[in-house]
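Shown below: coords-v8.tsv, with TSV, C-alpha atoms.
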```tsv
chain	number	residue	atom	x	y	z
A	1	MET	CA	-25.24	13.17	-63.07
A	2	ALA	CA	-25.84	14.77	-59.68
A	3	SER	CA	-26.96	18.39	-59.58
A	4	ILE	CA	-24.75	21.08	-58.08
A	5	SER	CA	-27.10	21.52	-55.15
A	6	SER	CA	-27.13	17.80	-54.36
A	7	SER	CA	-23.32	17.64	-54.58
A	8	ARG	CA	-22.96	20.49	-52.11
A	9	LYS	CA	-25.51	18.88	-49.83
A	10	GLY	CA	-23.58	15.61	-50.00
A	11	ARG	CA	-20.35	17.41	-49.20
A	12	ARG	CA	-21.93	19.10	-46.17
A	13	ASN	CA	-23.25	15.75	-44.95
A	14	LEU	CA	-19.79	14.19	-45.39
A	15	GLU	CA	-18.14	17.01	-43.43
A	16	ARG	CA	-20.75	16.70	-40.70
A	17	ASP	CA	-20.07	12.95	-40.42
A	18	GLU	CA	-16.32	13.63	-40.29
A	19	ASP	CA	-16.84	16.23	-37.56
A	20	VAL	CA	-18.81	13.75	-35.45
A	21	ALA	CA	-16.03	11.18	-35.82
A	22	VAL	CA	-13.36	13.74	-34.90
A	23	LEU	CA	-15.37	14.93	-31.90
A	24	GLU	CA	-15.72	11.37	-30.64
A	25	SER	CA	-11.96	10.89	-31.00
A	26	ASN	CA	-11.34	13.92	-28.72
A	27	ARG	CA	-9.62	15.90	-31.47
A	28	LEU	CA	-10.45	19.08	-33.39
A	29	ARG	CA	-10.42	19.32	-37.18
A	30	ILE	CA	-8.26	22.26	-38.27
A	31	VAL	CA	-9.63	24.49	-41.03
A	32	GLY	CA	-8.90	28.00	-42.16
A	33	ASP	CA	-8.60	30.10	-45.33
A	34	LEU	CA	-5.31	31.97	-44.92
A	35	ARG	CA	-5.27	33.52	-48.38
A	36	GLU	CA	-6.13	37.05	-47.23
A	37	THR	CA	-3.62	36.88	-44.36
A	38	ILE	CA	-0.83	35.70	-46.67
A	39	HIS	CA	-1.63	38.22	-49.40
A	40	ASP	CA	-1.56	41.07	-46.87
A	41	LEU	CA	1.85	39.96	-45.54
A	42	ALA	CA	3.60	38.42	-48.55
A	43	GLY	CA	1.61	39.61	-51.54
A	44	PRO	CA	-0.13	37.56	-54.23
A	45	GLY	CA	1.48	34.94	-56.42
A	46	VAL	CA	3.16	33.00	-53.62
A	47	ASP	CA	3.96	29.28	-53.65
A	48	PRO	CA	1.66	27.41	-51.20
A	49	GLU	CA	4.33	24.74	-50.69
A	50	THR	CA	6.58	27.27	-48.94
A	51	PHE	CA	4.06	27.71	-46.09
A	52	GLU	CA	3.35	25.61	-43.04
A	53	ILE	CA	0.88	26.11	-40.20
A	54	ARG	CA	1.53	24.87	-36.67
A	55	VAL	CA	-1.17	24.56	-34.01
A	56	ASP	CA	-1.12	23.50	-30.38
A	57	GLY	CA	-3.18	23.85	-27.24
A	58	VAL	CA	-1.61	26.34	-24.86
A	59	ALA	CA	-2.46	24.14	-21.86
A	60	SER	CA	-1.79	20.89	-23.71
A	61	ARG	CA	1.09	18.58	-22.82
A	62	GLU	CA	1.15	17.11	-26.33
A	63	ARG	CA	3.35	18.14	-29.24
A	64	GLU	CA	2.21	20.78	-31.68
A	65	VAL	CA	0.60	19.73	-34.95
A	66	SER	CA	1.92	20.81	-38.34
A	67	ALA	CA	-0.20	21.09	-41.50
A	68	SER	CA	0.38	22.18	-45.09
A	69	LEU	CA	-1.66	24.60	-47.19
A	70	ASP	CA	-3.45	23.66	-50.40
A	71	GLU	CA	-3.32	25.56	-53.68
A	72	THR	CA	-5.95	28.03	-52.41
A	73	LEU	CA	-3.84	28.80	-49.30
A	74	ALA	CA	-6.29	27.01	-47.00
A	75	VAL	CA	-5.36	24.35	-44.45
A	76	GLU	CA	-5.25	20.98	-46.20
A	77	ASP	CA	-8.00	18.49	-45.38
A	78	GLY	CA	-7.37	15.92	-42.68
A	79	ALA	CA	-5.39	18.01	-40.22
A	80	THR	CA	-6.45	17.61	-36.59
A	81	VAL	CA	-5.18	18.74	-33.19
A	82	PRO	CA	-5.79	17.10	-29.78
A	83	ARG	CA	-8.61	18.74	-27.86
A	84	SER	CA	-7.05	20.59	-24.94
A	85	ALA	CA	-8.53	20.69	-21.46
A	86	PHE	CA	-8.37	24.49	-21.70
A	87	PRO	CA	-9.80	25.92	-24.98
A	88	VAL	CA	-6.98	28.36	-25.85
A	89	TYR	CA	-4.91	27.46	-28.91
A	90	ARG	CA	-1.99	29.15	-30.63
A	91	TRP	CA	-1.21	28.93	-34.31
A	92	GLU	CA	1.77	30.25	-36.18
A	93	LEU	CA	2.23	30.59	-39.92
A	94	LEU	CA	5.72	29.80	-41.15
A	95	ARG	CA	7.30	30.45	-44.55
A	96	ASN	CA	10.41	28.87	-45.94
A	97	VAL	CA	12.70	31.67	-47.07
A	98	ASP	CA	16.04	30.56	-48.53
A	99	GLY	CA	15.94	27.36	-46.47
A	100	GLN	CA	15.03	29.15	-43.23
A	101	GLU	CA	11.67	28.96	-41.46
A	102	VAL	CA	10.36	32.46	-40.79
A	103	GLU	CA	7.25	33.16	-38.73
A	104	ILE	CA	5.06	35.65	-40.58
A	105	ALA	CA	1.91	35.48	-38.45
A	106	SER	CA	0.62	34.01	-35.20
A	107	ARG	CA	-2.54	34.21	-33.13
A	108	TYR	CA	-4.09	32.96	-29.91
A	109	ILE	CA	-7.67	31.79	-30.44
A	110	ILE	CA	-10.54	30.26	-28.48
A	111	ALA	CA	-12.08	26.94	-29.57
A	112	ASP	CA	-15.82	26.38	-29.48
A	113	GLY	CA	-16.41	23.54	-27.04
A	114	GLU	CA	-19.61	22.50	-28.84
A	115	THR	CA	-18.01	21.75	-32.22
A	116	ALA	CA	-15.24	19.55	-33.55
A	117	VAL	CA	-13.89	22.25	-35.89
A	118	LEU	CA	-11.19	24.80	-35.08
A	119	ASP	CA	-11.27	27.58	-37.68
A	120	LEU	CA	-7.95	29.38	-37.37
A	121	VAL	CA	-9.26	32.53	-39.04
A	122	LYS	CA	-12.83	32.80	-37.74
A	123	ALA	CA	-12.29	31.62	-34.15
A	124	PRO	CA	-12.47	34.39	-31.50
A	125	ILE	CA	-9.13	35.88	-30.50
A	126	ALA	CA	-8.11	35.03	-26.92
A	127	THR	CA	-7.65	37.88	-24.45
A	128	GLU	CA	-4.44	38.31	-22.46
A	129	ALA	CA	-6.27	37.11	-19.35
A	130	GLU	CA	-7.44	33.94	-21.12
A	131	ILE	CA	-3.91	33.30	-22.44
A	132	ALA	CA	-2.40	33.77	-18.97
A	133	GLU	CA	-4.99	31.43	-17.47
A	134	ALA	CA	-4.21	28.77	-20.11
A	135	VAL	CA	-0.46	29.08	-19.55
A	136	ALA	CA	-0.92	28.67	-15.79
A	137	TRP	CA	-3.36	25.76	-16.10
A	138	GLN	CA	-2.28	22.52	-14.47
A	139	PRO	CA	-3.97	19.14	-14.96
A	140	PRO	CA	-5.81	17.85	-11.91
A	141	ALA	CA	-3.92	15.37	-9.78
A	142	PRO	CA	-4.77	11.77	-10.64
A	143	PRO	CA	-7.11	10.09	-8.16
A	144	GLN	CA	-5.36	8.17	-5.45
A	145	PRO	CA	-5.91	4.43	-5.62
A	146	ALA	CA	-8.12	3.05	-2.92
A	147	PRO	CA	-6.09	1.45	-0.12
A	148	ARG	CA	-5.98	-2.30	-0.41
A	149	VAL	CA	-8.15	-4.14	2.06
A	150	TYR	CA	-6.53	-7.35	3.27
A	151	GLY	CA	-8.53	-10.38	4.26
A	152	THR	CA	-8.64	-11.17	7.96
A	153	ILE	CA	-9.50	-14.21	10.04
A	154	PRO	CA	-11.28	-13.17	13.25
A	155	ARG	CA	-10.44	-14.97	16.45
A	156	GLN	CA	-12.81	-17.80	17.30
A	157	ALA	CA	-13.66	-18.71	20.86
A	158	ASN	CA	-13.16	-22.43	20.19
A	159	ASP	CA	-9.98	-22.03	18.10
A	160	ALA	CA	-6.64	-22.03	19.92
A	161	ALA	CA	-4.73	-20.66	16.90
A	162	SER	CA	-2.09	-18.12	17.92
A	163	TYR	CA	-1.98	-14.60	16.46
A	164	LEU	CA	1.39	-13.78	18.06
A	165	GLY	CA	3.56	-14.93	15.17
A	166	PHE	CA	6.68	-17.08	14.95
A	167	ALA	CA	10.19	-16.87	13.55
A	168	ILE	CA	12.32	-19.07	11.31
A	169	GLY	CA	15.97	-18.88	12.27
A	170	PRO	CA	17.98	-17.88	15.33
A	171	THR	CA	17.14	-14.58	16.99
A	172	HIS	CA	20.73	-14.23	18.23
A	173	GLY	CA	24.07	-14.96	16.63
A	174	GLN	CA	22.95	-14.06	13.12
A	175	VAL	CA	25.60	-13.61	10.42
A	176	ARG	CA	25.70	-12.14	6.93
A	177	VAL	CA	24.55	-14.69	4.36
A	178	ASP	CA	24.88	-14.63	0.61
A	179	LEU	CA	21.65	-15.53	-1.16
A	180	PRO	CA	22.23	-17.24	-4.52
A	181	ALA	CA	19.97	-16.30	-7.42
A	182	LYS	CA	18.21	-19.65	-7.34
A	183	TRP	CA	15.77	-21.45	-5.06
A	184	THR	CA	16.63	-21.95	-1.41
A	185	VAL	CA	14.27	-24.34	0.38
A	186	LEU	CA	13.96	-24.92	4.10
A	187	GLY	CA	11.75	-27.29	6.07
A	188	PHE	CA	10.25	-25.87	9.25
A	189	HIS	CA	7.76	-27.01	11.87
A	190	VAL	CA	4.79	-25.15	13.35
A	191	PRO	CA	4.04	-26.79	16.73
A	192	SER	CA	0.55	-25.27	17.00
A	193	ALA	CA	-1.89	-23.48	14.71
A	194	HIS	CA	-1.00	-19.88	13.77
A	195	VAL	CA	-2.76	-17.11	11.84
A	196	ILE	CA	-0.33	-15.04	9.78
A	197	GLY	CA	-0.86	-11.88	7.73
A	198	ARG	CA	2.59	-10.32	7.41
A	199	VAL	CA	6.07	-11.57	6.58
A	200	LYS	CA	9.36	-9.85	7.34
A	201	ALA	CA	12.68	-11.12	6.02
A	202	SER	CA	16.17	-9.91	7.03
A	203	VAL	CA	17.13	-9.20	3.44
A	204	ASP	CA	18.97	-6.21	1.96
A	205	PHE	CA	17.54	-5.13	-1.40
A	206	PRO	CA	19.65	-2.95	-3.71
A	207	SER	CA	18.26	0.58	-3.92
A	208	PHE	CA	17.88	0.42	-7.68
A	209	CYS	CA	16.23	-2.97	-8.12
A	210	GLY	CA	15.88	-6.43	-6.66
A	211	LYS	CA	13.08	-8.65	-5.46
A	212	MET	CA	12.61	-12.00	-3.76
A	213	ARG	CA	9.86	-14.51	-4.27
A	214	LEU	CA	8.78	-16.17	-1.02
A	215	CYS	CA	6.53	-19.24	-0.93
A	216	VAL	CA	5.20	-21.58	1.75
A	217	PHE	CA	4.04	-25.10	0.83
A	218	ASP	CA	2.41	-27.82	2.88
A	219	THR	CA	3.80	-31.36	2.81
A	220	SER	CA	1.61	-32.20	-0.19
A	221	GLY	CA	3.15	-29.42	-2.27
A	222	ASN	CA	0.17	-27.07	-2.12
A	223	ALA	CA	1.14	-23.38	-2.18
A	224	LEU	CA	-0.28	-21.60	0.86
A	225	LEU	CA	1.66	-18.39	0.33
A	226	ASP	CA	3.30	-16.94	-2.78
A	227	VAL	CA	4.49	-13.33	-2.72
A	228	ASP	CA	7.05	-11.19	-4.55
A	229	MET	CA	8.91	-9.00	-2.06
A	230	ASN	CA	10.75	-5.84	-3.11
A	231	SER	CA	11.22	-4.67	0.46
A	232	ASP	CA	11.97	-6.51	3.66
A	233	GLU	CA	8.33	-6.57	4.76
A	234	GLU	CA	5.08	-7.49	3.04
A	235	LYS	CA	1.48	-7.45	4.28
A	236	LEU	CA	-0.77	-10.33	3.23
A	237	ASP	CA	-4.28	-11.66	3.41
A	238	GLN	CA	-4.38	-13.61	6.66
A	239	ILE	CA	-4.09	-17.38	6.39
A	240	ARG	CA	-4.25	-20.13	9.00
A	241	LEU	CA	-1.39	-22.59	9.33
A	242	ALA	CA	-2.31	-25.78	11.16
A	243	ALA	CA	0.26	-27.52	13.31
A	244	GLY	CA	2.68	-29.49	11.14
A	245	ASP	CA	5.64	-29.40	8.79
A	246	TYR	CA	6.00	-26.85	5.99
A	247	LEU	CA	8.41	-25.94	3.21
A	248	LEU	CA	9.74	-22.38	2.86
A	249	ALA	CA	11.05	-21.53	-0.63
A	250	LEU	CA	12.99	-18.34	-1.44
A	251	ARG	CA	14.08	-17.15	-4.89
A	252	PRO	CA	15.99	-13.82	-4.75
A	253	SER	CA	17.28	-11.90	-7.74
A	254	SER	CA	21.03	-11.48	-8.05
A	255	GLY	CA	22.96	-9.17	-5.76
A	256	ILE	CA	20.83	-9.69	-2.66
A	257	THR	CA	22.29	-10.49	0.75
A	258	GLY	CA	20.70	-11.03	4.12
A	259	THR	CA	21.18	-11.70	7.80
A	260	GLY	CA	20.54	-15.19	9.09
A	261	SER	CA	22.38	-18.44	9.47
A	262	TYR	CA	24.18	-21.18	7.53
A	263	TYR	CA	23.42	-23.82	10.13
A	264	TYR	CA	20.20	-25.36	8.89
A	265	ARG	CA	20.03	-29.11	8.62
A	266	ASN	CA	16.79	-29.08	6.59
A	267	ALA	CA	17.86	-26.63	3.89
A	268	ARG	CA	19.33	-26.83	0.39
A	269	THR	CA	19.44	-24.93	-2.89
A	270	LEU	CA	17.70	-25.90	-6.13
A	271	THR	CA	18.06	-24.66	-9.68
A	272	ASN	CA	14.41	-25.42	-10.39
A	273	LEU	CA	11.49	-25.83	-8.02
A	274	PRO	CA	8.77	-28.35	-8.91
A	275	GLU	CA	5.27	-26.97	-9.38
A	276	LYS	CA	4.15	-29.01	-6.37
A	277	PRO	CA	7.31	-29.52	-4.31
A	278	LEU	CA	6.95	-32.42	-1.87
A	279	LEU	CA	8.87	-31.61	1.29
A	280	ASP	CA	10.46	-35.06	1.77
A	281	GLU	CA	11.56	-35.37	-1.86
A	282	VAL	CA	12.87	-31.80	-2.16
A	283	LEU	CA	14.85	-31.72	1.08
A	284	TRP	CA	16.18	-35.28	1.06
A	285	PRO	CA	16.61	-36.55	-2.48
A	286	ASN	CA	18.51	-39.57	-1.14
A	287	GLU	CA	19.35	-41.25	2.16
A	288	ASP	CA	22.95	-39.98	2.23
A	289	HIS	CA	21.74	-36.39	2.03
A	290	PHE	CA	19.67	-36.91	5.17
A	291	MET	CA	22.68	-38.15	7.18
A	292	GLU	CA	24.10	-35.64	9.66
A	293	GLY	CA	26.87	-33.54	8.13
A	294	ASN	CA	26.13	-34.43	4.49
A	295	ALA	CA	23.83	-31.49	3.74
A	296	PRO	CA	25.66	-28.69	1.88
A	297	ARG	CA	26.22	-25.34	3.59
A	298	CYS	CA	23.19	-23.20	2.80
A	299	GLY	CA	22.48	-19.64	3.95
A	300	VAL	CA	18.90	-18.69	4.87
A	301	PRO	CA	17.79	-15.24	6.08
A	302	PHE	CA	15.88	-14.74	9.30
A	303	VAL	CA	12.12	-14.74	8.54
A	304	LEU	CA	9.39	-13.51	10.88
A	305	PHE	CA	5.69	-14.25	10.36
A	306	SER	CA	3.08	-12.21	12.24
A	307	SER	CA	-0.67	-11.82	12.08
A	308	ARG	CA	-0.76	-8.06	11.42
```
Translate this file's structure into structure tokens.
Amino acid sequence: MASISSSRKGRRNLERDEDVAVLESNRLRIVGDLRETIHDLAGPGVDPETFEIRVDGVASREREVSASLDETLAVEDGATVPRSAFPVYRWELLRNVDGQEVEIASRYIIADGETAVLDLVKAPIATEAEIAEAVAWQPPAPPQPAPRVYGTIPRQANDAASYLGFAIGPTHGQVRVDLPAKWTVLGFHVPSAHVIGRVKASVDFPSFCGKMRLCVFDTSGNALLDVDMNSDEEKLDQIRLAAGDYLLALRPSSGITGTGSYYYRNARTLTNLPEKPLLDEVLWPNEDHFMEGNAPRCGVPFVLFSSR
């Protein structure tokens, strides 16, 4: 059988280990013998189950913590409160009287920043100035994210690639077009190499939601550009498009309209887009579809690519 002294020593070691764990969890362990306070206010012989203690950090944005009292009128083991950025805490002692909670005591106290224990009775009482400072405390503003740095392709003396941009669709005579909530694909030609780093689409997004996925594929079905747009303009890492044919694929959410044209020979809509869409197979699934006048009416918004 363990001696009394060794039992007490073991209990102190256990409490110390618990305090370390609580401190590492950024919480404070609540303790406090409220027997004298309760006897002074309510007299002896009271039922501990009629009492409840509530604790919260004055500058905390978290909810208050409630704890019960044990048979000795001390705070039950295991109660903790989040550590507040400002060390002023308020506790209130409530008693259930005929089904009504009645506050019989309260106090503002200062927590010791070096320990994980908040003793409600022994902690120093906060001054009015400390309480006012805690009430007025505001958390620091979150750090602003670093601005994104987009990749660029510097001009090369021996490269004739244009940085002036190009457009898909007529610049005049545009009309309102309805954009179905499925894939719209359009074949387009780049007559000479271009470097692009921004895309602008004549699309109206609802104020509350809406987005449009925009992709560019080469004739082998390789994705050169894949971006989700939730506004009519999006900046990109610069890419180089060699002269040749390309496939533009748009997939708006429902309720989106745009400004563009219905008069595109090399355009159609698809329910599903292959993972590697081949331009010839996607645009002209059969010979009849390629014939003049057989392609269905398909609205495509005006799209402008630029380098910056």
List the neighbours of stretch 196-200 of chain A out to 7 Å using all atoms listed in the file; skip same-chain residues closer than 4 positions along the sequence, and give me the result as a ChimeraX atom specification. /A:163,165,232-240,303-308
How many Å separate atom CA of A:Thr37 from atom CA of A:Phe51? 12.1 Å
Nearest residue to A:Ser231 out of A:Arg107, A:Lys122, A:Lys211, A:Arg251, using only C-alpha atoms? A:Lys211
Can you measure atom CA of A:Ile153 to atom CA of A:Gly169 for me? One decimal in Å is fine. 26.0 Å
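You will find atom CA of A:Ile110 at 9.8 Å from atom CA of A:Gly57.
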Write out as a ChimeraX atom specification the residues lying within 6 Å of A:Cys215, counting only C-alpha atoms and excluding same-chain residues fewer than 6 positions away. /A:225-226,248-249
May I ask which of the residues A:Phe302, A:Ile38, A:Gly99, A:Leu28 is the closest one to A:Ala167, counting only C-alpha atoms? A:Phe302
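Comparing the minimum interatomic distances between A:Tyr264 and each of A:Val46, A:Ile168, A:Asp228, A:Tyr246, counting only C-alpha atoms, we find that A:Ile168 sits nearest.
Using all atoms listed in the file, the shortest contact distance between A:His189 and any of A:Ala242, A:Ala223, A:Ile131, A:Ala141 is found at A:Ala242.
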Pick from A:Thr171, A:Ser66, A:Gln100, A:Ser162: nearest to A:Ser202, with all atoms listed in the file counted? A:Thr171
Could you check the closest approach to A:Ala74 for each of A:Val121, A:Val149, A:Ala267, A:Pro143 and tell me which residue wins, using only C-alpha atoms? A:Val121
Skip A:Thr259 itself and residues of its chain fewer than 5 positions away, then list as a PDB file with C-alpha atoms, keeping the file's coordinate frame all residues within 8 Å of it, counting only C-alpha atoms.
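Dumped everything to selection-v1.pdb:
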```
ATOM      1  CA  GLN A 174      22.950 -14.060  13.120  1.00  0.00           C
ATOM      2  CA  VAL A 175      25.600 -13.610  10.420  1.00  0.00           C
ATOM      3  CA  ARG A 176      25.700 -12.140   6.930  1.00  0.00           C
ATOM      4  CA  VAL A 177      24.550 -14.690   4.360  1.00  0.00           C
ATOM      5  CA  SER A 202      16.170  -9.910   7.030  1.00  0.00           C
ATOM      6  CA  VAL A 203      17.130  -9.200   3.440  1.00  0.00           C
ATOM      7  CA  VAL A 300      18.900 -18.690   4.870  1.00  0.00           C
ATOM      8  CA  PRO A 301      17.790 -15.240   6.080  1.00  0.00           C
ATOM      9  CA  PHE A 302      15.880 -14.740   9.300  1.00  0.00           C
TER      10      PHE A 302
END
```
